[in-house]
file work_35.tsv (TSV, C-alpha atoms)
chain	number	residue	atom	x	y	z
N	38	MET	CA	23.54	-46.79	98.01
N	39	ASP	CA	20.67	-47.63	95.66
N	40	GLU	CA	20.15	-44.61	93.37
N	41	ARG	CA	16.36	-44.78	93.54
N	42	LEU	CA	16.49	-44.98	97.33
N	43	ARG	CA	18.85	-41.99	97.42
N	44	ARG	CA	16.50	-39.93	95.27
N	45	TRP	CA	13.49	-40.83	97.40
N	46	ARG	CA	15.45	-39.84	100.52
N	47	LEU	CA	16.17	-36.42	99.01
N	48	VAL	CA	12.54	-35.99	97.94
N	49	LEU	CA	11.02	-37.04	101.27
N	50	GLY	CA	13.53	-35.31	103.54
N	51	GLY	CA	13.52	-35.86	107.28
N	52	ASP	CA	15.56	-38.43	109.16
N	53	ALA	CA	17.02	-41.47	107.46
N	54	ASP	CA	14.62	-43.77	109.35
N	55	GLY	CA	11.88	-43.41	106.75
N	56	THR	CA	14.00	-44.81	103.94
N	57	GLY	CA	16.63	-46.74	105.85
N	58	CYS	CA	19.55	-44.80	104.40
N	59	ALA	CA	21.71	-41.89	105.48
N	60	LEU	CA	23.12	-39.12	103.37
N	61	GLY	CA	26.65	-37.82	103.40
N	62	GLY	CA	28.85	-35.30	101.63
N	63	THR	CA	27.19	-33.24	98.89
N	64	ASP	CA	23.91	-35.13	99.26
N	65	ALA	CA	23.69	-34.07	102.92
N	66	GLN	CA	24.34	-30.46	101.92
N	67	MET	CA	21.65	-30.60	99.23
N	68	ASP	CA	19.28	-32.09	101.78
N	69	GLY	CA	20.07	-29.27	104.18
N	70	ALA	CA	19.31	-26.64	101.55
N	71	LEU	CA	15.98	-28.29	100.74
N	72	ALA	CA	15.12	-28.72	104.43
N	73	ALA	CA	15.83	-25.07	105.19
N	74	LEU	CA	13.12	-24.13	102.71
N	75	TYR	CA	10.56	-26.93	102.81
N	76	ASN	CA	10.83	-28.18	106.42
N	77	GLY	CA	11.20	-24.82	108.03
N	78	GLY	CA	12.27	-26.43	111.28
N	79	LYS	CA	8.76	-27.67	112.01
N	80	GLY	CA	7.14	-31.06	112.15
N	81	GLU	CA	8.41	-34.54	112.78
N	82	GLY	CA	11.88	-35.40	111.66
N	83	ALA	CA	13.15	-31.82	111.70
N	84	ASP	CA	16.83	-31.66	112.60
N	85	ASP	CA	19.47	-28.99	113.09
N	86	ARG	CA	19.75	-28.44	109.35
N	87	SER	CA	16.06	-27.65	109.00
N	88	GLY	CA	15.83	-24.59	111.17
N	89	GLY	CA	14.62	-22.38	108.35
N	90	LEU	CA	16.45	-19.45	106.82
N	91	GLY	CA	15.67	-17.08	109.63
N	92	ALA	CA	15.81	-13.33	109.21
N	93	SER	CA	19.48	-12.98	108.37
N	94	ALA	CA	20.37	-11.61	104.95
N	95	PRO	CA	23.90	-13.11	105.02
N	96	ARG	CA	22.48	-16.53	105.85
N	97	VAL	CA	19.93	-16.28	103.06
N	98	ALA	CA	22.63	-15.12	100.64
N	99	ARG	CA	24.75	-18.16	101.52
N	100	TRP	CA	21.73	-20.41	101.01
N	101	LEU	CA	21.10	-18.84	97.59
N	102	GLY	CA	24.71	-19.53	96.66
N	103	ASP	CA	24.38	-23.12	97.85
N	104	ILE	CA	21.31	-23.94	95.80
N	105	ARG	CA	22.91	-22.46	92.68
N	106	SER	CA	25.79	-24.90	93.07
N	107	TYR	CA	23.55	-27.93	93.72
N	108	PHE	CA	20.65	-27.44	91.30
N	109	PRO	CA	20.08	-26.29	87.66
N	110	SER	CA	18.92	-22.69	87.15
N	111	THR	CA	15.31	-23.69	86.40
N	112	VAL	CA	15.08	-25.46	89.78
N	113	VAL	CA	16.85	-22.56	91.51
N	114	GLN	CA	14.24	-20.13	90.20
N	115	VAL	CA	11.41	-22.27	91.55
N	116	MET	CA	13.10	-22.55	94.96
N	117	GLN	CA	13.69	-18.78	95.10
N	118	LYS	CA	10.04	-18.12	94.34
N	119	ASP	CA	8.98	-20.62	97.01
N	120	ALA	CA	11.36	-19.04	99.52
N	121	VAL	CA	9.85	-15.60	99.03
N	122	GLU	CA	6.30	-16.94	99.37
N	123	ARG	CA	6.77	-19.56	102.13
N	124	LEU	CA	9.30	-17.85	104.37
N	125	ASN	CA	8.27	-14.22	103.86
N	126	LEU	CA	11.68	-13.11	102.63
N	127	THR	CA	10.35	-10.04	100.85
N	128	ARG	CA	12.04	-7.65	103.26
N	129	LEU	CA	15.41	-9.32	102.79
N	130	LEU	CA	15.24	-8.72	99.04
N	131	LEU	CA	15.99	-5.10	99.87
N	132	GLU	CA	19.51	-6.09	100.95
N	133	PRO	CA	22.21	-5.66	98.24
N	134	GLU	CA	24.07	-8.76	99.49
N	135	MET	CA	21.02	-10.90	98.88
N	136	LEU	CA	20.19	-9.34	95.51
N	137	GLU	CA	23.69	-10.10	94.26
N	138	ALA	CA	23.20	-13.79	95.16
N	139	VAL	CA	19.81	-14.18	93.47
N	140	GLU	CA	19.36	-16.08	90.18
N	141	PRO	CA	17.64	-13.43	87.99
N	142	ASP	CA	14.27	-14.35	86.51
N	143	VAL	CA	10.95	-12.75	85.61
N	144	HIS	CA	9.31	-13.62	88.94
N	145	MET	CA	12.13	-12.04	90.92
N	146	VAL	CA	11.85	-8.88	88.79
N	147	GLY	CA	8.13	-8.75	89.57
N	148	THR	CA	8.83	-9.03	93.29
N	149	LEU	CA	11.42	-6.26	93.14
N	150	LEU	CA	9.08	-3.97	91.22
N	151	SER	CA	6.42	-4.44	93.89
N	152	LEU	CA	9.02	-3.22	96.43
N	153	ASN	CA	10.19	-0.33	94.28
N	154	ARG	CA	8.65	2.42	96.39
N	155	VAL	CA	10.15	1.15	99.67
N	156	MET	CA	13.55	0.08	98.33
N	157	PRO	CA	16.48	1.77	100.10
N	158	GLU	CA	18.97	3.57	97.92
N	159	LYS	CA	21.78	1.14	98.77
N	160	ALA	CA	19.78	-1.72	97.22
N	161	ARG	CA	18.53	0.17	94.17
N	162	GLU	CA	21.62	-0.28	91.99
N	163	SER	CA	21.76	-4.01	92.73
N	164	ALA	CA	18.08	-4.28	91.87
N	165	ARG	CA	18.58	-2.39	88.61
N	166	ALA	CA	21.46	-4.67	87.65
N	167	LEU	CA	19.29	-7.73	88.24
N	168	VAL	CA	16.38	-6.27	86.24
N	169	ARG	CA	18.73	-5.23	83.44
N	170	LYS	CA	20.11	-8.77	83.16
N	171	VAL	CA	16.61	-10.27	82.87
N	172	VAL	CA	15.53	-7.66	80.32
N	173	SER	CA	18.64	-8.30	78.21
N	174	GLU	CA	17.96	-12.04	78.20
N	175	LEU	CA	14.34	-11.47	77.17
N	176	GLU	CA	15.40	-9.12	74.39
N	177	ARG	CA	17.82	-11.72	73.01
N	178	ARG	CA	15.00	-14.26	73.05
N	179	LEU	CA	12.23	-12.09	71.60
N	180	VAL	CA	13.49	-9.11	69.57
N	181	GLN	CA	14.32	-10.73	66.23
N	182	LYS	CA	11.25	-12.97	66.26
N	183	THR	CA	8.99	-10.01	66.94
N	184	LYS	CA	10.52	-7.73	64.31
N	185	ALA	CA	10.42	-10.47	61.67
N	186	ALA	CA	6.75	-11.30	62.37
N	187	VAL	CA	5.63	-7.66	62.39
N	188	THR	CA	7.64	-6.68	59.31
N	189	GLY	CA	6.34	-9.67	57.37
N	190	ALA	CA	2.76	-8.88	58.35
N	191	LEU	CA	3.12	-5.25	57.30
N	192	ASP	CA	4.52	-6.35	53.94
N	193	ARG	CA	1.68	-8.80	53.40
N	194	SER	CA	-0.91	-6.24	54.39
N	195	ALA	CA	0.46	-3.93	51.70
N	196	ARG	CA	-0.14	-6.51	48.93
N	197	THR	CA	-1.29	-5.09	45.61
N	198	HIS	CA	-2.57	-6.52	42.32
N	199	ARG	CA	-0.71	-3.84	40.42
N	200	PRO	CA	2.95	-4.14	41.36
N	201	LYS	CA	4.93	-1.32	39.78
N	202	ARG	CA	8.20	-3.21	39.47
N	203	VAL	CA	9.18	-6.79	38.69
N	204	ALA	CA	10.97	-6.84	42.03
N	205	ASP	CA	7.63	-6.18	43.76
N	206	ILE	CA	5.95	-9.30	42.35
N	207	ASP	CA	5.26	-12.12	44.79
N	208	TRP	CA	5.91	-14.97	42.34
N	209	ASP	CA	4.79	-17.74	44.66
N	210	ARG	CA	1.36	-16.22	45.22
N	211	THR	CA	1.08	-15.10	41.59
N	212	ILE	CA	1.65	-18.65	40.32
N	213	ARG	CA	-0.82	-20.13	42.80
N	214	ALA	CA	-3.43	-17.53	41.85
N	215	ASN	CA	-3.05	-18.42	38.15
N	216	LEU	CA	-2.81	-22.21	38.18
N	217	LYS	CA	-6.06	-22.36	36.20
N	218	ASN	CA	-4.14	-20.72	33.34
N	219	TYR	CA	-1.58	-23.52	33.12
N	220	LEU	CA	-0.73	-24.54	29.53
N	221	PRO	CA	0.45	-28.15	29.55
N	222	GLU	CA	1.74	-28.03	25.96
N	223	ARG	CA	4.07	-25.16	26.92
N	224	ASN	CA	4.61	-26.31	30.50
N	225	THR	CA	3.99	-22.80	31.76
N	226	VAL	CA	1.47	-20.60	33.54
N	227	VAL	CA	0.11	-17.52	31.81
N	228	PRO	CA	-0.69	-15.02	34.56
N	229	SER	CA	-3.84	-13.01	34.09
N	230	ARG	CA	-3.50	-11.43	37.54
N	231	LEU	CA	-0.34	-10.36	39.32
N	232	VAL	CA	0.08	-10.45	43.08
N	233	GLY	CA	2.77	-8.28	44.56
N	234	TYR	CA	3.84	-6.04	47.37
N	235	GLY	CA	3.22	-2.34	47.59
N	236	ARG	CA	6.21	-0.07	47.95
N	237	ARG	CA	7.61	-0.27	51.47
N	238	GLN	CA	6.26	2.73	53.29
N	239	ARG	CA	8.40	4.90	55.51
N	240	ALA	CA	5.41	6.46	57.22
N	241	VAL	CA	3.64	4.95	60.22
N	242	GLN	CA	1.36	2.14	59.08
N	243	ARG	CA	-0.16	1.06	62.41
N	244	GLU	CA	-0.81	2.60	65.80
N	245	VAL	CA	-0.33	0.21	68.73
N	246	VAL	CA	-1.51	0.97	72.26
N	247	LEU	CA	-0.47	-1.40	75.06
N	248	CYS	CA	-2.64	-0.86	78.14
N	249	ILE	CA	-1.28	-2.84	81.10
N	250	ASP	CA	-2.92	-3.67	84.41
N	251	GLN	CA	-0.25	-3.32	87.11
N	252	SER	CA	-2.13	-5.06	89.91
N	253	GLY	CA	-0.01	-7.54	91.85
N	254	SER	CA	-1.21	-10.66	90.00
N	255	MET	CA	-0.02	-9.22	86.67
N	256	ALA	CA	3.68	-8.89	87.58
N	257	ALA	CA	5.09	-11.23	84.92
N	258	SER	CA	2.80	-9.70	82.29
N	259	VAL	CA	4.10	-6.22	83.13
N	260	VAL	CA	7.69	-7.38	82.59
N	261	TYR	CA	7.04	-9.05	79.24
N	262	SER	CA	4.77	-6.23	78.03
N	263	SER	CA	7.45	-3.64	78.75
N	264	VAL	CA	10.03	-5.57	76.73
N	265	PHE	CA	7.61	-6.04	73.81
N	266	GLY	CA	6.61	-2.39	74.01
N	267	ALA	CA	10.25	-1.34	73.66
N	268	VAL	CA	10.72	-3.66	70.66
N	269	LEU	CA	7.61	-2.36	68.89
N	270	ALA	CA	8.54	1.25	69.64
N	271	SER	CA	11.88	0.73	67.86
N	272	MET	CA	10.06	0.03	64.56
N	273	ARG	CA	9.41	3.13	62.45
N	274	SER	CA	6.35	1.63	60.77
N	275	LEU	CA	4.55	1.51	64.14
N	276	ARG	CA	3.58	4.26	66.52
N	277	THR	CA	3.59	2.53	69.90
N	278	SER	CA	2.18	3.86	73.17
N	279	LEU	CA	2.37	2.14	76.55
N	280	VAL	CA	0.03	2.90	79.43
N	281	VAL	CA	-0.01	1.27	82.87
N	282	PHE	CA	-2.83	1.59	85.34
N	283	ASP	CA	-4.25	0.72	88.74
N	284	THR	CA	-6.79	3.23	90.01
N	285	ALA	CA	-4.69	5.89	88.25
N	286	VAL	CA	-3.31	5.91	84.71
N	287	VAL	CA	0.35	6.57	83.86
N	288	ASP	CA	1.60	7.05	80.30
N	289	LEU	CA	5.13	5.60	80.04
N	290	THR	CA	5.49	6.00	76.27
N	291	ASP	CA	8.42	8.40	76.64
N	292	GLN	CA	10.38	5.67	78.47
N	293	LEU	CA	9.96	2.96	75.83
N	294	HIS	CA	13.55	3.49	74.68
N	295	ASP	CA	14.74	2.00	77.99
N	296	PRO	CA	12.66	-0.94	79.27
N	297	VAL	CA	14.56	-1.03	82.59
N	298	GLU	CA	13.61	2.57	83.39
N	299	LEU	CA	10.12	1.82	82.15
N	300	LEU	CA	9.76	-1.09	84.58
N	301	PHE	CA	10.90	1.06	87.48
N	302	GLY	CA	8.22	3.54	86.45
N	303	THR	CA	5.53	0.96	87.21
N	304	GLN	CA	4.00	0.42	90.65
N	305	LEU	CA	2.70	-3.11	91.15
N	306	GLY	CA	-0.25	-3.60	93.46
N	307	GLY	CA	-3.25	-1.48	94.32
N	308	GLY	CA	-6.74	-1.31	92.85
N	309	THR	CA	-7.92	-1.40	89.25
N	310	ASP	CA	-9.87	1.06	87.10
N	311	ILE	CA	-9.96	-0.44	83.62
N	312	ASN	CA	-12.58	2.02	82.41
N	313	ARG	CA	-10.35	5.00	83.16
N	314	ALA	CA	-7.40	3.34	81.43
N	315	ILE	CA	-9.44	2.62	78.29
N	316	ALA	CA	-10.77	6.18	78.27
N	317	TYR	CA	-7.21	7.53	78.31
N	318	SER	CA	-6.11	5.07	75.63
N	319	GLN	CA	-8.94	6.14	73.34
N	320	GLY	CA	-7.42	9.60	73.28
N	321	LEU	CA	-4.13	8.17	71.95
N	322	ILE	CA	-5.78	6.63	68.88
N	323	THR	CA	-5.88	8.97	65.87
N	324	ARG	CA	-6.46	6.44	63.05
N	325	PRO	CA	-8.96	3.85	64.33
N	326	THR	CA	-8.96	1.58	61.26
N	327	ASP	CA	-5.15	1.35	61.42
N	328	SER	CA	-4.96	0.88	65.19
N	329	ILE	CA	-4.42	-2.09	67.51
N	330	PHE	CA	-5.43	-1.72	71.15
N	331	ILE	CA	-4.13	-4.44	73.48
N	332	LEU	CA	-5.55	-4.56	77.01
N	333	ILE	CA	-3.57	-6.84	79.35
N	334	SER	CA	-5.62	-7.42	82.49
N	335	ASP	CA	-7.31	-10.04	84.64
N	336	LEU	CA	-10.47	-7.94	84.11
N	337	TYR	CA	-11.31	-7.41	87.79
N	338	GLU	CA	-12.83	-3.98	87.33
N	339	GLY	CA	-12.95	-1.54	90.22
N	340	GLY	CA	-14.38	1.24	88.07
N	341	VAL	CA	-17.62	1.52	86.13
N	342	ARG	CA	-18.16	-1.84	84.39
N	343	GLN	CA	-20.88	-0.81	81.94
N	344	GLU	CA	-18.90	2.25	80.89
N	345	MET	CA	-15.87	0.04	80.29
N	346	LEU	CA	-17.87	-2.27	78.02
N	347	ARG	CA	-19.41	0.70	76.22
N	348	ARG	CA	-15.98	2.11	75.45
N	349	VAL	CA	-14.77	-1.23	74.06
N	350	ALA	CA	-17.88	-1.37	71.85
N	351	GLN	CA	-17.14	2.18	70.63
N	352	MET	CA	-13.59	1.27	69.73
N	353	THR	CA	-14.52	-1.86	67.78
N	354	ALA	CA	-17.30	0.01	65.96
N	355	ALA	CA	-14.77	2.66	64.91
N	356	GLY	CA	-12.56	-0.04	63.39
N	357	VAL	CA	-9.96	-0.47	66.13
N	358	GLN	CA	-8.58	-4.01	66.43
N	359	VAL	CA	-9.19	-4.68	70.15
N	360	ILE	CA	-7.34	-7.56	71.86
N	361	VAL	CA	-7.71	-8.55	75.51
N	362	LEU	CA	-5.01	-10.71	77.10
N	363	LEU	CA	-5.70	-12.18	80.52
N	364	ALA	CA	-1.94	-12.67	80.86
N	365	LEU	CA	1.20	-12.26	78.79
N	366	SER	CA	3.41	-14.83	80.50
N	367	ASP	CA	4.47	-18.47	80.47
N	368	GLU	CA	2.08	-19.35	83.29
N	369	GLY	CA	-1.25	-19.42	81.45
N	370	ALA	CA	-4.36	-17.51	82.49
N	371	PRO	CA	-4.50	-16.35	86.12
N	372	PHE	CA	-7.70	-15.99	88.09
N	373	TYR	CA	-9.82	-13.56	86.10
N	374	ASP	CA	-13.32	-12.07	86.02
N	375	ARG	CA	-15.27	-14.54	83.91
N	376	ASP	CA	-18.34	-12.31	83.70
N	377	ASN	CA	-16.36	-9.49	82.14
N	378	ALA	CA	-14.58	-11.92	79.82
N	379	ALA	CA	-17.96	-13.27	78.64
N	380	ALA	CA	-19.30	-9.75	78.14
N	381	LEU	CA	-16.30	-8.84	76.01
N	382	ALA	CA	-16.68	-12.02	73.96
N	383	ALA	CA	-20.29	-11.00	73.27
N	384	LEU	CA	-18.87	-7.79	71.77
N	385	GLY	CA	-16.62	-9.85	69.48
N	386	VAL	CA	-13.53	-9.37	71.66
N	387	PRO	CA	-12.35	-12.72	73.06
N	388	ALA	CA	-10.16	-12.67	76.18
N	389	PHE	CA	-7.38	-15.24	76.46
N	390	ALA	CA	-3.88	-15.77	77.84
N	391	CYS	CA	-0.88	-15.54	75.52
N	392	THR	CA	2.68	-16.77	75.99
N	393	PRO	CA	5.59	-14.46	75.14
N	394	ASP	CA	6.71	-16.81	72.37
N	395	ALA	CA	3.26	-16.62	70.72
N	396	PHE	CA	2.93	-12.82	71.00
N	397	PRO	CA	4.84	-12.00	67.76
N	398	ALA	CA	2.44	-14.24	65.79
N	399	LEU	CA	-0.50	-12.57	67.54
N	400	MET	CA	0.79	-9.14	66.47
N	401	ALA	CA	1.13	-10.39	62.89
N	402	ALA	CA	-2.46	-11.67	62.94
N	403	ALA	CA	-3.69	-8.33	64.29
N	404	ILE	CA	-1.79	-6.33	61.66
N	405	GLU	CA	-3.33	-8.47	58.92
N	406	ARG	CA	-6.74	-8.04	60.61
N	407	ARG	CA	-7.34	-11.75	60.88
N	408	ASP	CA	-9.99	-13.15	63.24
N	409	ILE	CA	-8.22	-13.05	66.61
N	410	GLY	CA	-10.68	-15.47	68.22
N	411	GLN	CA	-9.92	-18.10	65.59
N	412	TRP	CA	-6.20	-17.41	65.94
N	413	ALA	CA	-6.43	-17.97	69.71
N	414	GLU	CA	-8.31	-21.25	69.26
N	415	ARG	CA	-5.72	-22.56	66.80
N	416	GLU	CA	-2.88	-21.52	69.10
N	417	LEU	CA	-4.55	-23.32	72.02
N	418	GLU	CA	-4.93	-26.47	69.93
N	419	ARG	CA	-1.31	-26.24	68.78
N	420	THR	CA	0.09	-25.93	72.29
N	421	ALA	CA	-2.16	-28.71	73.59
N	422	THR	CA	-0.77	-31.25	71.08

call {"tool": "encode", "arguments": {"input": "work_35.tsv", "output": "structure tokens"}}
result
Amino acid sequence: MDERLRRWRLVLGGDADGTGCALGGTDAQMDGALAALYNGGKGEGADDRSGGLGASAPRVARWLGDIRSYFPSTVVQVMQKDAVERLNLTRLLLEPEMLEAVEPDVHMVGTLLSLNRVMPEKARESARALVRKVVSELERRLVQKTKAAVTGALDRSARTHRPKRVADIDWDRTIRANLKNYLPERNTVVPSRLVGYGRRQRAVQREVVLCIDQSGSMAASVVYSSVFGAVLASMRSLRTSLVVFDTAVVDLTDQLHDPVELLFGTQLGGGTDINRAIAYSQGLITRPTDSIFILISDLYEGGVRQEMLRRVAQMTAAGVQVIVLLALSDEGAPFYDRDNAAALAALGVPAFACTPDAFPALMAAAIERRDIGQWAERELERTAT
């Protein structure tokens, strides 16, 4: 069989009449798995294999096992997400048998968290195991990068022109700062100004408050934010707080040592009161000029909009580094309130989406008090090329 024709047959689905070729063996089984999801037993060309996944957890579990054997994990994750959305399989995710067959990913964790309050006890351990696996994979991907970026930024922010020890001198920056004092006849630079690092401080150098919107559209952002919150909380030089909100505000700071427990302390869905969340977060900040406040929200405010903007203005005027992320995920910016984003930009607080891989660099820029708007523009240009 012509390979291109075979691929088109798998893409188009349906009977063989459209392409003039029939499938057999593994190809027929792959076609059946695709048809169960994307044909749903409806429309022209539907056959016995395209009767949908029905409402049977064992059948769905078998289908999940099939697609994992036929397709790479990235494709499996897309198909799982489509199955939940297209075939309304949310209820079946409460079955342990199905949870054990699922390919773990961030989207599946978000779906499980949205079902947390209705999840039967028999499914809870399976759900925790799935969430724990995803969190562990994210930690392996992000922990070292985040700690290195934050530690480096704290060291740079402690730069001094009076280093007390030779070991504290930053020779690279010292040489560059004194190139005008180069003596060609001696082939050397005579430094008139030293650049070095201050003594590494054991005390807290920055306060970080993560304020996370837990409305349904922010599911992936909640997962990534919880992992980053746990990483930041493990660093002694930072005092990290984590707050989640809908119409109520919940402080989960005491659970930052265990991101899995933290995630199960969230409740995805519901309304949004950003103003109330910011008001609570203001009370956590004790050293404004050494504080970073990160609001992660699509900015659809159900509370008092003008009060929200007034509070942001108060924080920036007090010296707090305020950052607004429309999303912290790999998916880019979701639908968001453009009027509120424009109003924040007018206050000098740009709102933008950030990928998890870029977040450590964003934290470094915030610690060094660089212009976050310019940083976001450069990051957008970098990712576009």

call {"tool": "atom_distance", "arguments": {"input": "work_35.tsv", "atom1": "CA of Leu60 in chain N", "atom2": "CA of Trp100 in chain N"}}
result
18.9 Å

call {"tool": "atom_distance", "arguments": {"input": "work_35.tsv", "atom1": "CA of Pro296 in chain N", "atom2": "CA of Ala164 in chain N"}}
result
14.1 Å

call {"tool": "closest_residue", "arguments": {"input": "work_35.tsv", "among": "N:Lys184, N:Arg375, N:Arg154, N:Arg178", "to": "Pro397 in chain N", "atoms": "all atoms listed in the file"}}
result
N:Lys184

call {"tool": "residues_around", "arguments": {"input": "work_35.tsv", "residues": "Tyr107 in chain N", "least_positions_apart": "4", "cutoff": "10 Å", "atoms": "only C-alpha atoms", "output": "number ranges by chain"}}
result
N: 63-64, 66-67, 70, 102-103, 112-113

call {"tool": "write_last_selection", "arguments": {"input": "work_35.tsv", "atoms": "C-alpha atoms", "output": "short mmCIF file (atom, residue, chain, number, x, y, z; two decimals), keeping the file's coordinate frame"}}
result
data_model
loop_
_atom_site.label_atom_id
_atom_site.label_comp_id
_atom_site.auth_asym_id
_atom_site.auth_seq_id
_atom_site.Cartn_x
_atom_site.Cartn_y
_atom_site.Cartn_z
CA THR N 63 27.19 -33.24 98.89
CA ASP N 64 23.91 -35.13 99.26
CA GLN N 66 24.34 -30.46 101.92
CA MET N 67 21.65 -30.60 99.23
CA ALA N 70 19.31 -26.64 101.55
CA GLY N 102 24.71 -19.53 96.66
CA ASP N 103 24.38 -23.12 97.85
CA VAL N 112 15.08 -25.46 89.78
CA VAL N 113 16.85 -22.56 91.51
#

call {"tool": "closest_residue", "arguments": {"input": "work_35.tsv", "among": "N:Leu71, N:Leu279, N:Leu300, N:Ile331", "to": "Gly266 in chain N", "atoms": "all atoms listed in the file"}}
result
N:Leu279

call {"tool": "closest_residue", "arguments": {"input": "work_35.tsv", "among": "N:Val264, N:Leu216, N:Ala120, N:Cys248", "to": "Val180 in chain N", "atoms": "only C-alpha atoms"}}
result
N:Val264

call {"tool": "residues_around", "arguments": {"input": "work_35.tsv", "residues": "Asp376 in chain N", "least_positions_apart": "4", "cutoff": "12 Å", "atoms": "all atoms listed in the file", "output": "JSON, numbers by chain"}}
result
{"N": [335, 336, 337, 338, 342, 343, 346, 380, 381, 382, 383, 388]}

call {"tool": "closest_residue", "arguments": {"input": "work_35.tsv", "among": "N:Asp408, N:Asp291, N:Glu132, N:Glu140", "to": "Lys118 in chain N", "atoms": "only C-alpha atoms"}}
result
N:Glu140

call {"tool": "atom_distance", "arguments": {"input": "work_35.tsv", "atom1": "CA of Gly189 in chain N", "atom2": "CA of Trp208 in chain N"}}
result
15.9 Å

call {"tool": "residues_around", "arguments": {"input": "work_35.tsv", "residues": "Met145 in chain N", "least_positions_apart": "5", "cutoff": "9 Å", "atoms": "all atoms listed in the file", "output": "ChimeraX atom specification"}}
result
/N:114,117-118,139-140,150,167-168

call {"tool": "closest_residue", "arguments": {"input": "work_35.tsv", "among": "N:Arg348, N:Arg230, N:Arg415, N:Arg243", "to": "Leu399 in chain N", "atoms": "only C-alpha atoms"}}
result
N:Arg415

call {"tool": "closest_residue", "arguments": {"input": "work_35.tsv", "among": "N:Gly147, N:Pro371, N:Pro141, N:Pro133", "to": "Lys170 in chain N", "atoms": "only C-alpha atoms"}}
result
N:Pro141

call {"tool": "residues_near_point", "arguments": {"input": "work_35.tsv", "point": "(-14.1, -0.6, 63.6)", "cutoff": "12 Å", "atoms": "only C-alpha atoms", "output": "ChimeraX atom specification"}}
result
/N:324-330,349-359,384-386,406

call {"tool": "residues_near_point", "arguments": {"input": "work_35.tsv", "point": "(2.0, -2.8, 57.6)", "cutoff": "9 Å", "atoms": "all atoms listed in the file", "output": "number ranges by chain"}}
result
N: 187-195, 237-238, 241-243, 274-275, 404-405
